[in-house]
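Chemist: You'll find target_23.csv just under this line, and it carries CSV, C-alpha atoms.
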```
chain,number,residue,atom,x,y,z
W,1,MET,CA,76.1,-176.8,-53.4
W,2,GLY,CA,74.2,-173.8,-54.8
W,3,PRO,CA,70.4,-173.6,-54.8
W,4,ILE,CA,70.2,-174.9,-58.4
W,5,GLY,CA,71.9,-178.1,-57.3
W,6,TRP,CA,69.3,-178.6,-54.5
W,7,LEU,CA,66.4,-177.9,-56.9
W,8,ILE,CA,67.7,-180.5,-59.3
W,9,ILE,CA,67.8,-183.1,-56.6
W,10,VAL,CA,64.3,-182.3,-55.5
W,11,VAL,CA,63.0,-182.6,-59.0
W,12,ILE,CA,64.8,-185.9,-59.5
W,13,VAL,CA,63.3,-187.3,-56.3
W,14,VAL,CA,59.8,-186.2,-57.2
W,15,VAL,CA,60.1,-187.7,-60.7
W,16,VAL,CA,61.4,-191.0,-59.3
W,17,ALA,CA,58.7,-191.1,-56.6
W,18,ALA,CA,56.0,-190.4,-59.2
W,19,ALA,CA,57.3,-193.1,-61.5
W,20,ALA,CA,57.4,-195.6,-58.7
W,21,VAL,CA,53.7,-194.8,-57.9
W,22,VAL,CA,52.7,-195.2,-61.5
W,23,VAL,CA,54.5,-198.6,-61.7
W,24,VAL,CA,52.9,-199.9,-58.5
W,25,ARG,CA,49.5,-198.7,-59.5
W,26,ARG,CA,49.8,-200.2,-63.0
W,27,ARG,CA,50.8,-203.6,-61.7
W,28,ARG,CA,47.9,-203.8,-59.3
W,29,ARG,CA,45.3,-202.7,-61.8
W,30,GLY,CA,44.0,-206.0,-63.2
W,31,GLY,CA,40.7,-205.4,-64.8
W,32,SER,CA,40.7,-208.4,-67.1
W,33,VAL,CA,37.6,-210.4,-68.1
W,34,ILE,CA,38.7,-214.0,-68.3
W,35,ALA,CA,36.8,-216.8,-70.0
W,36,THR,CA,37.2,-220.2,-68.5
W,37,LYS,CA,38.2,-223.1,-70.7
W,38,ASP,CA,36.4,-226.2,-69.5
W,39,LYS,CA,32.8,-227.3,-70.2
W,40,ARG,CA,30.8,-226.7,-67.0
G,1,MET,CA,16.9,-206.0,-57.0
G,2,LYS,CA,18.0,-207.4,-60.3
G,3,LEU,CA,20.3,-205.1,-62.2
G,4,LEU,CA,22.4,-205.2,-65.4
G,5,MET,CA,26.0,-204.3,-64.7
G,6,THR,CA,29.1,-204.5,-66.9
G,7,ALA,CA,32.4,-206.0,-65.8
G,8,SER,CA,34.1,-202.6,-66.0
G,9,GLN,CA,31.6,-201.3,-63.4
G,10,ILE,CA,32.4,-204.3,-61.1
G,11,HIS,CA,36.2,-203.9,-61.4
G,12,GLY,CA,37.5,-202.0,-58.4
G,13,LEU,CA,34.3,-202.3,-56.3
G,14,PRO,CA,35.0,-202.7,-52.6
G,15,VAL,CA,34.3,-206.1,-51.1
G,16,VAL,CA,32.3,-205.3,-47.9
G,17,THR,CA,31.3,-207.7,-45.1
G,18,VAL,CA,27.6,-207.6,-44.1
G,19,ARG,CA,28.3,-208.2,-40.3
G,20,GLY,CA,31.4,-206.2,-40.0
G,21,GLY,CA,30.8,-203.2,-42.4
G,22,GLU,CA,34.5,-203.4,-43.3
G,23,ASP,CA,36.0,-203.1,-46.8
G,24,VAL,CA,38.2,-206.1,-46.8
G,25,ALA,CA,39.4,-206.1,-50.5
G,26,GLU,CA,38.4,-204.9,-53.9
G,27,VAL,CA,37.6,-206.6,-57.2
G,28,ARG,CA,40.5,-207.2,-59.6
G,29,ASP,CA,39.6,-209.6,-62.4
G,30,VAL,CA,36.2,-211.0,-63.4
G,31,ILE,CA,36.2,-214.7,-64.4
G,32,TYR,CA,33.2,-216.1,-66.2
G,33,SER,CA,32.2,-219.4,-68.0
G,34,PRO,CA,31.1,-218.8,-71.6
G,35,GLU,CA,29.6,-222.3,-71.6
G,36,ALA,CA,27.5,-222.0,-68.5
G,37,GLY,CA,26.9,-218.3,-69.1
G,38,ARG,CA,27.7,-217.2,-65.6
G,39,LEU,CA,30.2,-215.6,-63.3
G,40,VAL,CA,32.6,-218.1,-61.9
G,41,GLY,CA,34.5,-215.8,-59.5
G,42,VAL,CA,36.6,-212.7,-59.0
G,43,THR,CA,40.2,-212.2,-58.0
G,44,LEU,CA,41.1,-209.5,-55.5
G,45,ASN,CA,43.4,-206.6,-54.8
G,46,LYS,CA,44.0,-205.3,-51.3
G,47,ARG,CA,42.4,-202.0,-50.3
G,48,GLY,CA,44.7,-199.0,-50.3
G,49,PHE,CA,46.3,-196.7,-52.9
G,50,LEU,CA,49.6,-198.7,-53.2
G,51,ALA,CA,48.4,-202.1,-52.0
G,52,GLY,CA,49.0,-205.0,-54.4
G,53,ARG,CA,47.3,-208.2,-55.3
G,54,SER,CA,45.4,-210.1,-52.6
G,55,ARG,CA,46.3,-213.8,-51.8
G,56,GLU,CA,42.6,-214.5,-51.5
G,57,VAL,CA,39.9,-214.8,-54.1
G,58,LEU,CA,36.1,-214.9,-54.3
G,59,PRO,CA,34.5,-217.9,-56.0
G,60,ALA,CA,30.9,-217.0,-57.1
G,61,GLU,CA,29.4,-219.2,-54.3
G,62,ALA,CA,31.1,-217.0,-51.7
G,63,ILE,CA,29.5,-213.8,-53.0
G,64,HIS,CA,26.4,-212.8,-51.1
G,65,ALA,CA,25.4,-210.0,-53.6
G,66,ILE,CA,26.8,-207.7,-56.2
G,67,GLY,CA,25.4,-204.1,-56.3
G,68,GLN,CA,26.2,-200.8,-57.9
G,69,HIS,CA,28.6,-199.7,-55.1
G,70,ALA,CA,29.9,-202.9,-53.5
G,71,VAL,CA,30.3,-206.7,-53.6
G,72,MET,CA,28.9,-208.0,-50.4
G,73,VAL,CA,30.2,-211.1,-48.5
G,74,LEU,CA,28.8,-212.4,-45.2
G,75,GLU,CA,32.1,-212.0,-43.3
G,76,GLU,CA,35.8,-211.8,-43.7
G,77,SER,CA,36.3,-215.5,-43.7
G,78,SER,CA,34.1,-215.7,-46.9
G,79,LEU,CA,37.3,-214.7,-48.8
G,80,VAL,CA,39.0,-217.9,-49.9
G,81,ALA,CA,42.7,-218.6,-49.9
G,82,ARG,CA,44.0,-219.4,-53.4
G,83,ASP,CA,44.9,-223.0,-52.5
G,84,ASP,CA,41.4,-223.7,-51.4
G,85,ALA,CA,39.6,-222.2,-54.4
G,86,PRO,CA,38.6,-223.8,-57.7
G,87,ASP,CA,41.5,-223.8,-60.2
G,88,GLU,CA,39.9,-221.4,-62.6
G,89,VAL,CA,39.6,-218.7,-59.9
G,90,ALA,CA,42.9,-219.5,-58.1
G,91,HIS,CA,44.9,-219.5,-61.3
G,92,PRO,CA,42.9,-217.6,-63.8
G,93,ALA,CA,44.0,-218.1,-67.5
G,94,THR,CA,45.0,-214.4,-68.0
G,95,GLU,CA,45.9,-215.2,-71.6
G,96,ARG,CA,42.1,-215.7,-72.1
G,97,ASP,CA,41.2,-212.1,-71.3
G,98,VAL,CA,38.4,-211.4,-73.8
G,99,LEU,CA,38.7,-207.6,-73.8
G,100,GLY,CA,39.8,-206.5,-77.2
G,101,ASN,CA,38.9,-209.8,-78.8
G,102,ASP,CA,37.8,-209.7,-82.4
G,103,VAL,CA,34.2,-210.8,-82.7
G,104,LEU,CA,34.0,-213.0,-85.9
G,105,THR,CA,31.0,-214.7,-87.4
G,106,GLU,CA,31.5,-218.3,-88.5
G,107,GLY,CA,31.3,-216.9,-92.0
G,108,GLY,CA,34.3,-214.7,-91.4
G,109,THR,CA,32.8,-211.2,-90.9
G,110,SER,CA,34.1,-209.1,-88.0
G,111,LEU,CA,31.3,-207.4,-86.0
G,112,GLY,CA,33.8,-205.5,-83.9
G,113,THR,CA,35.8,-206.0,-80.8
G,114,VAL,CA,34.8,-206.9,-77.3
G,115,SER,CA,34.9,-203.9,-74.9
G,116,ASP,CA,33.0,-205.3,-71.9
G,117,LEU,CA,30.9,-208.1,-70.4
G,118,VAL,CA,27.3,-207.6,-69.4
G,119,LEU,CA,26.0,-209.5,-66.3
G,120,LEU,CA,22.7,-209.7,-64.5
G,121,VAL,CA,23.5,-209.2,-60.9
G,122,GLY,CA,21.0,-209.7,-58.0
G,123,GLY,CA,20.4,-213.3,-59.0
G,124,SER,CA,23.0,-215.9,-59.7
G,125,GLY,CA,25.4,-213.8,-61.6
G,126,GLU,CA,24.2,-214.7,-65.1
G,127,VAL,CA,26.2,-213.4,-68.1
G,128,VAL,CA,23.8,-211.8,-70.5
G,129,GLY,CA,26.0,-210.6,-73.3
G,130,TYR,CA,29.0,-208.7,-74.5
G,131,GLN,CA,29.5,-205.0,-75.2
G,132,ILE,CA,31.4,-204.5,-78.5
G,133,ASP,CA,33.0,-201.6,-80.3
G,134,LYS,CA,31.3,-202.1,-83.6
G,135,ALA,CA,33.2,-202.5,-86.8
G,136,GLY,CA,31.4,-199.6,-88.3
G,137,GLY,CA,31.8,-197.4,-85.3
G,138,GLY,CA,29.8,-196.9,-82.1
G,139,GLN,CA,28.9,-199.3,-79.3
G,140,GLY,CA,26.7,-202.4,-79.5
G,141,TYR,CA,25.6,-205.3,-77.5
G,142,ILE,CA,25.4,-209.0,-78.5
G,143,PRO,CA,23.6,-211.7,-76.6
G,144,LEU,CA,25.1,-214.7,-74.9
G,145,PRO,CA,25.0,-217.6,-75.8
G,146,ALA,CA,26.5,-216.0,-78.8
G,147,GLN,CA,29.9,-217.5,-79.0
G,148,LEU,CA,30.6,-220.8,-80.6
G,149,SER,CA,34.2,-220.6,-79.3
G,150,VAL,CA,36.4,-218.1,-77.5
G,151,SER,CA,40.1,-217.7,-77.0
G,152,GLY,CA,42.3,-214.8,-75.9
G,153,VAL,CA,42.1,-213.2,-79.3
G,154,ALA,CA,38.8,-214.0,-80.9
G,155,LEU,CA,35.1,-214.7,-80.1
G,156,VAL,CA,33.4,-216.8,-82.8
G,157,VAL,CA,29.7,-216.3,-83.1
G,158,PRO,CA,26.9,-217.8,-85.3
G,159,ASN,CA,26.2,-215.8,-88.5
G,160,ILE,CA,22.7,-214.7,-87.3
G,161,THR,CA,24.3,-212.8,-84.4
G,162,GLU,CA,24.8,-210.0,-87.0
G,163,GLU,CA,21.0,-209.4,-86.8
G,164,PHE,CA,20.9,-209.2,-83.0
G,165,VAL,CA,23.3,-206.4,-82.3
G,166,ALA,CA,21.5,-204.1,-79.9
G,167,ASP,CA,22.2,-200.4,-79.4
G,168,ASP,CA,21.7,-200.3,-75.7
G,169,LEU,CA,21.2,-202.5,-72.6
G,170,VAL,CA,17.5,-202.3,-72.8
G,171,GLY,CA,17.7,-203.6,-76.4
G,172,LEU,CA,20.1,-206.3,-75.2
G,173,GLY,CA,17.4,-207.7,-72.9
G,174,ALA,CA,15.0,-208.0,-75.7
G,175,SER,CA,17.5,-209.4,-78.2
G,176,VAL,CA,18.6,-212.1,-75.7
G,177,ASP,CA,15.1,-213.7,-75.7
G,178,ASP,CA,14.6,-213.5,-79.5
G,179,PHE,CA,18.1,-214.8,-80.1
G,180,ARG,CA,17.6,-217.8,-77.9
G,181,ALA,CA,14.3,-218.5,-79.5
G,182,ARG,CA,15.9,-218.3,-82.9
G,183,LEU,CA,18.7,-220.7,-81.9
G,184,GLY,CA,16.1,-223.1,-80.6
G,185,LEU,CA,17.2,-222.7,-77.0
G,186,LYS,CA,15.0,-222.1,-73.9
B,1,MET,CA,10.9,-190.7,-24.7
B,2,SER,CA,12.5,-190.5,-28.1
B,3,GLU,CA,15.9,-189.0,-28.4
B,4,SER,CA,18.3,-188.5,-31.3
B,5,PHE,CA,22.1,-189.2,-31.4
B,6,ARG,CA,22.8,-185.7,-32.8
B,7,GLY,CA,20.6,-184.1,-30.2
B,8,CYS,CA,22.4,-185.5,-27.2
B,9,ARG,CA,25.9,-184.5,-28.3
B,10,GLY,CA,27.3,-182.1,-25.7
B,11,ARG,CA,24.8,-182.9,-23.1
B,12,LYS,CA,26.1,-182.8,-19.5
B,13,VAL,CA,26.9,-186.0,-17.7
B,14,ILE,CA,26.3,-185.9,-13.9
B,15,SER,CA,26.9,-188.5,-11.2
B,16,ARG,CA,23.7,-189.3,-9.3
B,17,ALA,CA,25.7,-190.4,-6.3
B,18,SER,CA,27.9,-187.3,-5.9
B,19,ALA,CA,26.2,-184.7,-8.2
B,20,SER,CA,29.6,-184.1,-9.7
B,21,ASP,CA,30.2,-183.0,-13.3
B,22,LEU,CA,31.7,-185.9,-15.3
B,23,GLY,CA,31.9,-184.3,-18.7
B,24,VAL,CA,29.8,-184.1,-21.7
B,25,VAL,CA,28.4,-186.6,-24.2
B,26,SER,CA,30.7,-187.0,-27.2
B,27,HIS,CA,28.8,-189.8,-29.0
B,28,LEU,CA,27.0,-193.1,-28.4
B,29,LEU,CA,28.2,-196.6,-29.1
B,30,VAL,CA,25.8,-199.1,-30.5
B,31,ASP,CA,25.4,-202.9,-30.1
B,32,THR,CA,24.3,-203.7,-33.7
B,33,GLN,CA,23.2,-207.3,-32.8
B,34,ARG,CA,20.7,-206.1,-30.2
B,35,ARG,CA,20.1,-202.7,-31.9
B,36,GLN,CA,20.6,-200.9,-28.6
B,37,VAL,CA,22.8,-198.1,-27.3
B,38,ALA,CA,25.7,-200.0,-25.7
B,39,ALA,CA,27.6,-197.2,-24.1
B,40,VAL,CA,28.0,-193.4,-23.8
B,41,VAL,CA,31.3,-191.9,-24.8
B,42,ILE,CA,32.3,-189.0,-22.6
B,43,GLY,CA,35.1,-186.5,-23.6
B,44,SER,CA,37.6,-187.1,-26.4
B,45,GLY,CA,41.2,-187.8,-27.1
B,46,ARG,CA,43.3,-189.1,-24.2
B,47,LYS,CA,40.6,-188.4,-21.6
B,48,THR,CA,37.9,-190.4,-23.3
B,49,GLN,CA,35.8,-192.5,-20.9
B,50,LEU,CA,32.9,-194.9,-21.5
B,51,VAL,CA,29.9,-195.7,-19.4
B,52,ASP,CA,27.8,-198.8,-20.3
B,53,TRP,CA,24.1,-198.2,-20.7
B,54,GLY,CA,23.5,-200.3,-17.6
B,55,GLY,CA,25.6,-197.8,-15.6
B,56,LEU,CA,23.1,-195.0,-16.2
B,57,SER,CA,20.3,-194.1,-13.8
B,58,GLY,CA,18.6,-192.0,-16.5
B,59,PHE,CA,19.1,-190.4,-19.9
B,60,GLY,CA,17.2,-187.2,-19.6
B,61,PRO,CA,16.7,-184.2,-21.9
B,62,ASP,CA,18.9,-182.0,-19.8
B,63,ALA,CA,21.5,-184.4,-18.4
B,64,VAL,CA,22.7,-187.9,-18.6
B,65,MET,CA,22.8,-189.3,-15.1
B,66,VAL,CA,25.4,-191.9,-14.2
B,67,ALA,CA,24.5,-194.0,-11.1
B,68,ASP,CA,28.0,-193.9,-9.7
B,69,GLU,CA,31.2,-192.3,-10.9
B,70,ALA,CA,32.9,-195.7,-10.6
B,71,ALA,CA,30.9,-196.9,-13.6
B,72,LEU,CA,33.2,-194.7,-15.8
B,73,ARG,CA,36.0,-196.5,-17.5
B,74,PRO,CA,38.6,-195.9,-20.2
B,75,PRO,CA,38.2,-197.9,-23.4
B,76,GLY,CA,39.0,-201.6,-22.7
B,77,ASP,CA,40.4,-203.0,-26.0
B,78,ASP,CA,41.3,-202.0,-29.5
B,79,GLY,CA,37.7,-202.4,-30.5
B,80,GLU,CA,36.5,-200.1,-27.8
B,81,ARG,CA,39.3,-197.6,-28.6
B,82,ALA,CA,38.3,-197.5,-32.3
B,83,ALA,CA,34.7,-197.1,-31.2
B,84,ALA,CA,35.6,-194.3,-28.8
B,85,ASP,CA,37.5,-192.5,-31.5
B,86,GLY,CA,34.4,-192.3,-33.5
B,87,LYS,CA,35.4,-194.7,-36.2
B,88,LEU,CA,32.4,-196.9,-35.6
B,89,GLU,CA,30.0,-194.1,-35.0
B,90,LEU,CA,26.7,-194.4,-36.9
B,91,VAL,CA,26.1,-190.7,-37.4
B,92,GLY,CA,27.9,-189.7,-40.6
B,93,LYS,CA,28.5,-193.2,-41.7
B,94,LYS,CA,27.9,-194.4,-45.3
B,95,ALA,CA,24.7,-196.6,-45.4
B,96,LEU,CA,25.1,-199.6,-47.7
B,97,SER,CA,22.5,-202.2,-48.4
B,98,ASP,CA,23.2,-205.9,-48.0
B,99,ARG,CA,22.7,-206.1,-51.8
B,100,GLY,CA,25.7,-203.8,-52.4
B,101,ASN,CA,23.8,-200.5,-53.1
B,102,GLU,CA,24.5,-197.3,-51.3
B,103,LEU,CA,21.6,-195.7,-49.6
B,104,GLY,CA,23.2,-192.4,-48.5
B,105,LYS,CA,24.8,-191.1,-45.3
B,106,ILE,CA,23.3,-191.6,-41.9
B,107,ASP,CA,22.3,-188.1,-40.7
B,108,ASP,CA,20.9,-189.1,-37.3
B,109,VAL,CA,19.6,-192.1,-35.3
B,110,THR,CA,16.6,-192.0,-32.9
B,111,PHE,CA,16.3,-194.2,-29.9
B,112,ASP,CA,14.1,-194.7,-26.8
B,113,ALA,CA,15.8,-192.9,-23.9
B,114,ASP,CA,14.2,-195.2,-21.3
B,115,THR,CA,15.4,-198.5,-22.8
B,116,GLY,CA,18.2,-197.5,-25.1
B,117,THR,CA,16.6,-199.4,-28.0
B,118,LEU,CA,17.3,-197.9,-31.4
B,119,GLU,CA,14.2,-196.7,-33.3
B,120,ASP,CA,15.0,-195.2,-36.7
B,121,LEU,CA,18.0,-194.3,-38.9
B,122,ILE,CA,17.5,-191.0,-40.6
B,123,ILE,CA,19.1,-190.9,-44.1
B,124,GLY,CA,18.2,-187.7,-46.0
B,125,ASP,CA,14.4,-187.4,-45.9
B,126,ARG,CA,13.9,-191.2,-45.2
B,127,ARG,CA,13.3,-192.9,-41.9
B,128,ILE,CA,14.5,-196.5,-41.9
B,129,PRO,CA,13.6,-198.7,-38.9
B,130,ALA,CA,16.7,-199.7,-36.9
B,131,GLY,CA,15.6,-203.3,-37.3
B,132,SER,CA,17.2,-203.2,-40.8
B,133,LEU,CA,20.6,-202.6,-39.3
B,134,LEU,CA,22.7,-205.7,-40.0
B,135,GLY,CA,26.2,-204.5,-39.0
B,136,CYS,CA,28.5,-201.5,-38.8
B,137,GLY,CA,32.2,-201.0,-39.2
B,138,SER,CA,34.7,-198.4,-40.2
B,139,TYR,CA,33.7,-198.5,-43.9
B,140,ALA,CA,29.9,-198.6,-43.7
B,141,ALA,CA,26.7,-199.5,-41.8
B,142,VAL,CA,25.0,-202.4,-43.6
B,143,LEU,CA,21.2,-202.3,-43.8
B,144,GLU,CA,18.8,-204.9,-45.1
B,145,GLU,CA,17.6,-203.8,-48.5
B,146,ARG,CA,14.0,-202.9,-48.8
B,147,GLN,CA,12.4,-201.8,-52.1
B,148,GLU,CA,11.0,-198.7,-50.6
B,149,ASP,CA,14.4,-197.4,-49.4
B,150,LEU,CA,16.0,-197.3,-52.8
B,151,GLY,CA,16.5,-193.9,-54.3
```
Could you spell out this file's structure in structure tokens?

Modeler:
Amino acid sequence: MGPIGWLIIVVIVVVVAAAAVVVVRRRRRGGSVIATKDKR
Amino acid sequence: MKLLMTASQIHGLPVVTVRGGEDVAEVRDVIYSPEAGRLVGVTLNKRGFLAGRSREVLPAEAIHAIGQHAVMVLEESSLVARDDAPDEVAHPATERDVLGNDVLTEGGTSLGTVSDLVLLVGGSGEVVGYQIDKAGGGQGYIPLPAQLSVSGVALVVPNITEEFVADDLVGLGASVDDFRARLGLK
Amino acid sequence: MSESFRGCRGRKVISRASASDLGVVSHLLVDTQRRQVAAVVIGSGRKTQLVDWGGLSGFGPDAVMVADEAALRPPGDDGERAAADGKLELVGKKALSDRGNELGKIDDVTFDADTGTLEDLIIGDRRIPAGSLLGCGSYAAVLEERQEDLG
């Protein structure tokens, strides 16, 4: 495979890794302010 | 030291043990009671860049103190397993997230949308008011007890709340007392 | 005599029994409950050794005297290993109050060289009595909050 082929693979790997990090970071974020229901 | 903090300043704070000096978790969601006007607890994330949700939570009673840079607990065992925690902290009603809620007077006027919660930390975690993005633009603060009712989409407040929108946190402090006097509350 | 943690880094460690050179002081380990120097860490990396305060015959301005070479030991457990690696070292540690407010970074710690008792924690231009120290770990040293220490 020529150098261009390798470059494409590297780019794909980096993009997939970055996407995975974004997904994981987003799922963990939370940050809600939740109002309870019952009278206390 | 009593201090006004917003929920957004508390989100993400490390939870640190007094004896151990270790950051054992960080704050995920803030859970409060609009009726009682106080913090009920917080849910937790594990520490670390890619770490997920923690299986443990912190009911308000387990919190030693909340400060500008950390939430303090006495020791690691202060974190409570979900099964042992009160229901509203173990299984928070995430559909009742008030951020983005429309703030409506009972007469049907929108004052804006909820952008944050304001708490007095350093004492018993009293909720002082809401920060809102005003309908006309800019930021304002409305005092608690302001709401007549709250859901995941709207906050309904008495008509007179419209007169008590403060421009800053200092003003909020003043408006809370006047507001309560006006409503005939202590 | 008052000494400081920073000041004794690199000081020679000598055996009183044999007069041999045992290495140099890397840093000091602290017992936060009793607010005392617990042990002296000598050397670093694989060759790290500890000597408990009780194993010293004297902590002098020019050398730390160990009563007998036999008092030197490698770190005993994970806790001691972490401590020996410097993870629990007070100097350079974030100082956090027990109310959740950061006070700064610990620049130095003074102690009584005769008894090993900690005296003050130096944070910026403030001296905070070691009596305020409530605990120390890898994240921070936790100090009791006093109004005068804030900002």

Chemist: Report, in Å to a single decimal, how far apart CA of Glu75 in chain G and CA of Asp52 in chain B are.

Modeler: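 So the answer is 26.9 Å.
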
Chemist: Residues of chain G were defined as contacting chain W if any atom lay at most 7 Å from it, counting all atoms listed in the file; please report them as a list in words.

Modeler: His11, Arg28, Asp29, Val30, Ile31, Tyr32, Ser33, Pro34, Glu35, Ala36, Asn45, Leu50, Gly52, Arg53, Glu88, Ala93, Thr94, Arg96, Asp97, Val98 and Leu99 of chain G

Chemist: Counting all atoms listed in the file, what is within 6 Å of Leu117 in chain G, bar same-chain residues fewer than 6 positions away, as an NGL selection string?

Modeler: :G and (6-7 or 130-131)

Chemist: Using only C-alpha atoms, please write the residues we just selected to a file, as a short mmCIF file (atom, residue, chain, number, x, y, z; two decimals), keeping the file's coordinate frame.

Modeler:
```cif
data_model
loop_
_atom_site.label_atom_id
_atom_site.label_comp_id
_atom_site.auth_asym_id
_atom_site.auth_seq_id
_atom_site.Cartn_x
_atom_site.Cartn_y
_atom_site.Cartn_z
CA THR G 6 29.10 -204.50 -66.90
CA ALA G 7 32.40 -206.00 -65.80
CA TYR G 130 29.00 -208.70 -74.50
CA GLN G 131 29.50 -205.00 -75.20
#
```

Chemist: Enumerate, in order of chain and increasing residue number, the residues of range 68-175 of chain G with an atom no farther than 12 Å from range 136-144 of chain B, each with its shortest atom pair and distance in Å to one decimal, counting all atoms listed in the file, as CSV.

Modeler:
```
residue,atom,partner,partner_atom,distance
G:His69,CA,B:Ala140,CA,11.5
G:Ala70,CA,B:Ala140,CA,10.7
G:Met72,CA,B:Val142,CA,9.6
G:Val73,CA,B:Val142,CA,11.3
G:Leu74,CA,B:Val142,CA,10.8
G:Glu75,CA,B:Gly137,CA,11.7
```

Chemist: Would you compute the distance between CA of Ala130 in chain B and CA of Val41 in chain B? Give it in Å to one decimal.

Modeler: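 Taking CA of Ala130 in chain B as the start and CA of Val41 in chain B as the end point, the length is 20.5 Å.
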
Chemist: Residues of chain G within 6 Å of chain B, counting all atoms listed in the file - could you list those as a VMD selection string?

Modeler: chain G and resid 18 to 23 65 to 72

Chemist: Which value, in Å to one decimal, gives the distance between CA of Ala39 in chain B and CA of Asp108 in chain B?

Modeler: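 CA of Asp108 in chain B lies 16.9 Å from CA of Ala39 in chain B.
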
Chemist: Starting from the point (32.8, -211.5, -81.3), work out which residues of protein, DNA or RNA have an atom no more than 7 Å away when counting only C-alpha atoms; state them as a list in words.

Modeler: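 Within 7 Å of (32.8, -211.5, -81.3), the protein and nucleic acid residues are Asn101, Asp102, Val103, Leu104, Leu111, Gly112, Thr113, Val114, Ala154, Leu155, Val156 and Val157 of chain G.
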
Chemist: Would you please work out which residue, of B:Val37, B:Leu118, B:Val25, B:Ile106, is nearest to Val64 in chain B when using only C-alpha atoms?

Modeler: B:Val25

Chemist: Can you patch up range 89-104 of chain B, filling it in to N, CA and C atoms, and show the result as a PDB file, keeping the file's coordinate frame?

Modeler:
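Saved to selection_4.pdb:
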```
ATOM      1  N   GLU B  89      31.187-194.858 -35.319  1.00  0.00           N
ATOM      2  CA  GLU B  89      30.000-194.100 -35.000  1.00  0.00           C
ATOM      3  C   GLU B  89      28.995-194.160 -36.172  1.00  0.00           C
ATOM      4  N   LEU B  90      27.724-194.290 -35.837  1.00  0.00           N
ATOM      5  CA  LEU B  90      26.700-194.400 -36.900  1.00  0.00           C
ATOM      6  C   LEU B  90      26.436-193.083 -37.582  1.00  0.00           C
ATOM      7  N   VAL B  91      26.403-191.984 -36.827  1.00  0.00           N
ATOM      8  CA  VAL B  91      26.100-190.700 -37.400  1.00  0.00           C
ATOM      9  C   VAL B  91      27.218-190.305 -38.383  1.00  0.00           C
ATOM     10  N   GLY B  92      26.888-190.026 -39.626  1.00  0.00           N
ATOM     11  CA  GLY B  92      27.900-189.700 -40.600  1.00  0.00           C
ATOM     12  C   GLY B  92      28.400-190.839 -41.411  1.00  0.00           C
ATOM     13  N   LYS B  93      27.999-192.050 -41.043  1.00  0.00           N
ATOM     14  CA  LYS B  93      28.500-193.200 -41.700  1.00  0.00           C
ATOM     15  C   LYS B  93      27.762-193.496 -43.019  1.00  0.00           C
ATOM     16  N   LYS B  94      28.488-194.040 -43.998  1.00  0.00           N
ATOM     17  CA  LYS B  94      27.900-194.400 -45.300  1.00  0.00           C
ATOM     18  C   LYS B  94      26.911-195.586 -44.981  1.00  0.00           C
ATOM     19  N   ALA B  95      25.710-195.516 -45.547  1.00  0.00           N
ATOM     20  CA  ALA B  95      24.700-196.600 -45.400  1.00  0.00           C
ATOM     21  C   ALA B  95      24.761-197.415 -46.681  1.00  0.00           C
ATOM     22  N   LEU B  96      25.028-198.711 -46.558  1.00  0.00           N
ATOM     23  CA  LEU B  96      25.100-199.600 -47.700  1.00  0.00           C
ATOM     24  C   LEU B  96      24.148-200.737 -47.502  1.00  0.00           C
ATOM     25  N   SER B  97      23.412-201.120 -48.556  1.00  0.00           N
ATOM     26  CA  SER B  97      22.500-202.200 -48.400  1.00  0.00           C
ATOM     27  C   SER B  97      23.195-203.542 -48.468  1.00  0.00           C
ATOM     28  N   ASP B  98      22.565-204.592 -47.967  1.00  0.00           N
ATOM     29  CA  ASP B  98      23.200-205.900 -48.000  1.00  0.00           C
ATOM     30  C   ASP B  98      23.233-206.466 -49.425  1.00  0.00           C
ATOM     31  N   ARG B  99      22.656-205.705 -50.390  1.00  0.00           N
ATOM     32  CA  ARG B  99      22.700-206.100 -51.800  1.00  0.00           C
ATOM     33  C   ARG B  99      23.804-205.312 -52.521  1.00  0.00           C
ATOM     34  N   GLY B 100      24.546-204.489 -51.795  1.00  0.00           N
ATOM     35  CA  GLY B 100      25.700-203.800 -52.400  1.00  0.00           C
ATOM     36  C   GLY B 100      25.322-202.408 -52.996  1.00  0.00           C
ATOM     37  N   ASN B 101      24.187-201.820 -52.620  1.00  0.00           N
ATOM     38  CA  ASN B 101      23.800-200.500 -53.100  1.00  0.00           C
ATOM     39  C   ASN B 101      23.841-199.455 -52.037  1.00  0.00           C
ATOM     40  N   GLU B 102      24.455-198.306 -52.338  1.00  0.00           N
ATOM     41  CA  GLU B 102      24.500-197.300 -51.300  1.00  0.00           C
ATOM     42  C   GLU B 102      23.203-196.571 -51.137  1.00  0.00           C
ATOM     43  N   LEU B 103      22.846-196.283 -49.893  1.00  0.00           N
ATOM     44  CA  LEU B 103      21.600-195.700 -49.600  1.00  0.00           C
ATOM     45  C   LEU B 103      21.722-194.180 -49.231  1.00  0.00           C
ATOM     46  N   GLY B 104      22.973-193.767 -48.942  1.00  0.00           N
ATOM     47  CA  GLY B 104      23.200-192.400 -48.500  1.00  0.00           C
ATOM     48  C   GLY B 104      24.032-192.351 -47.286  1.00  0.00           C
TER      49      GLY B 104
END
```
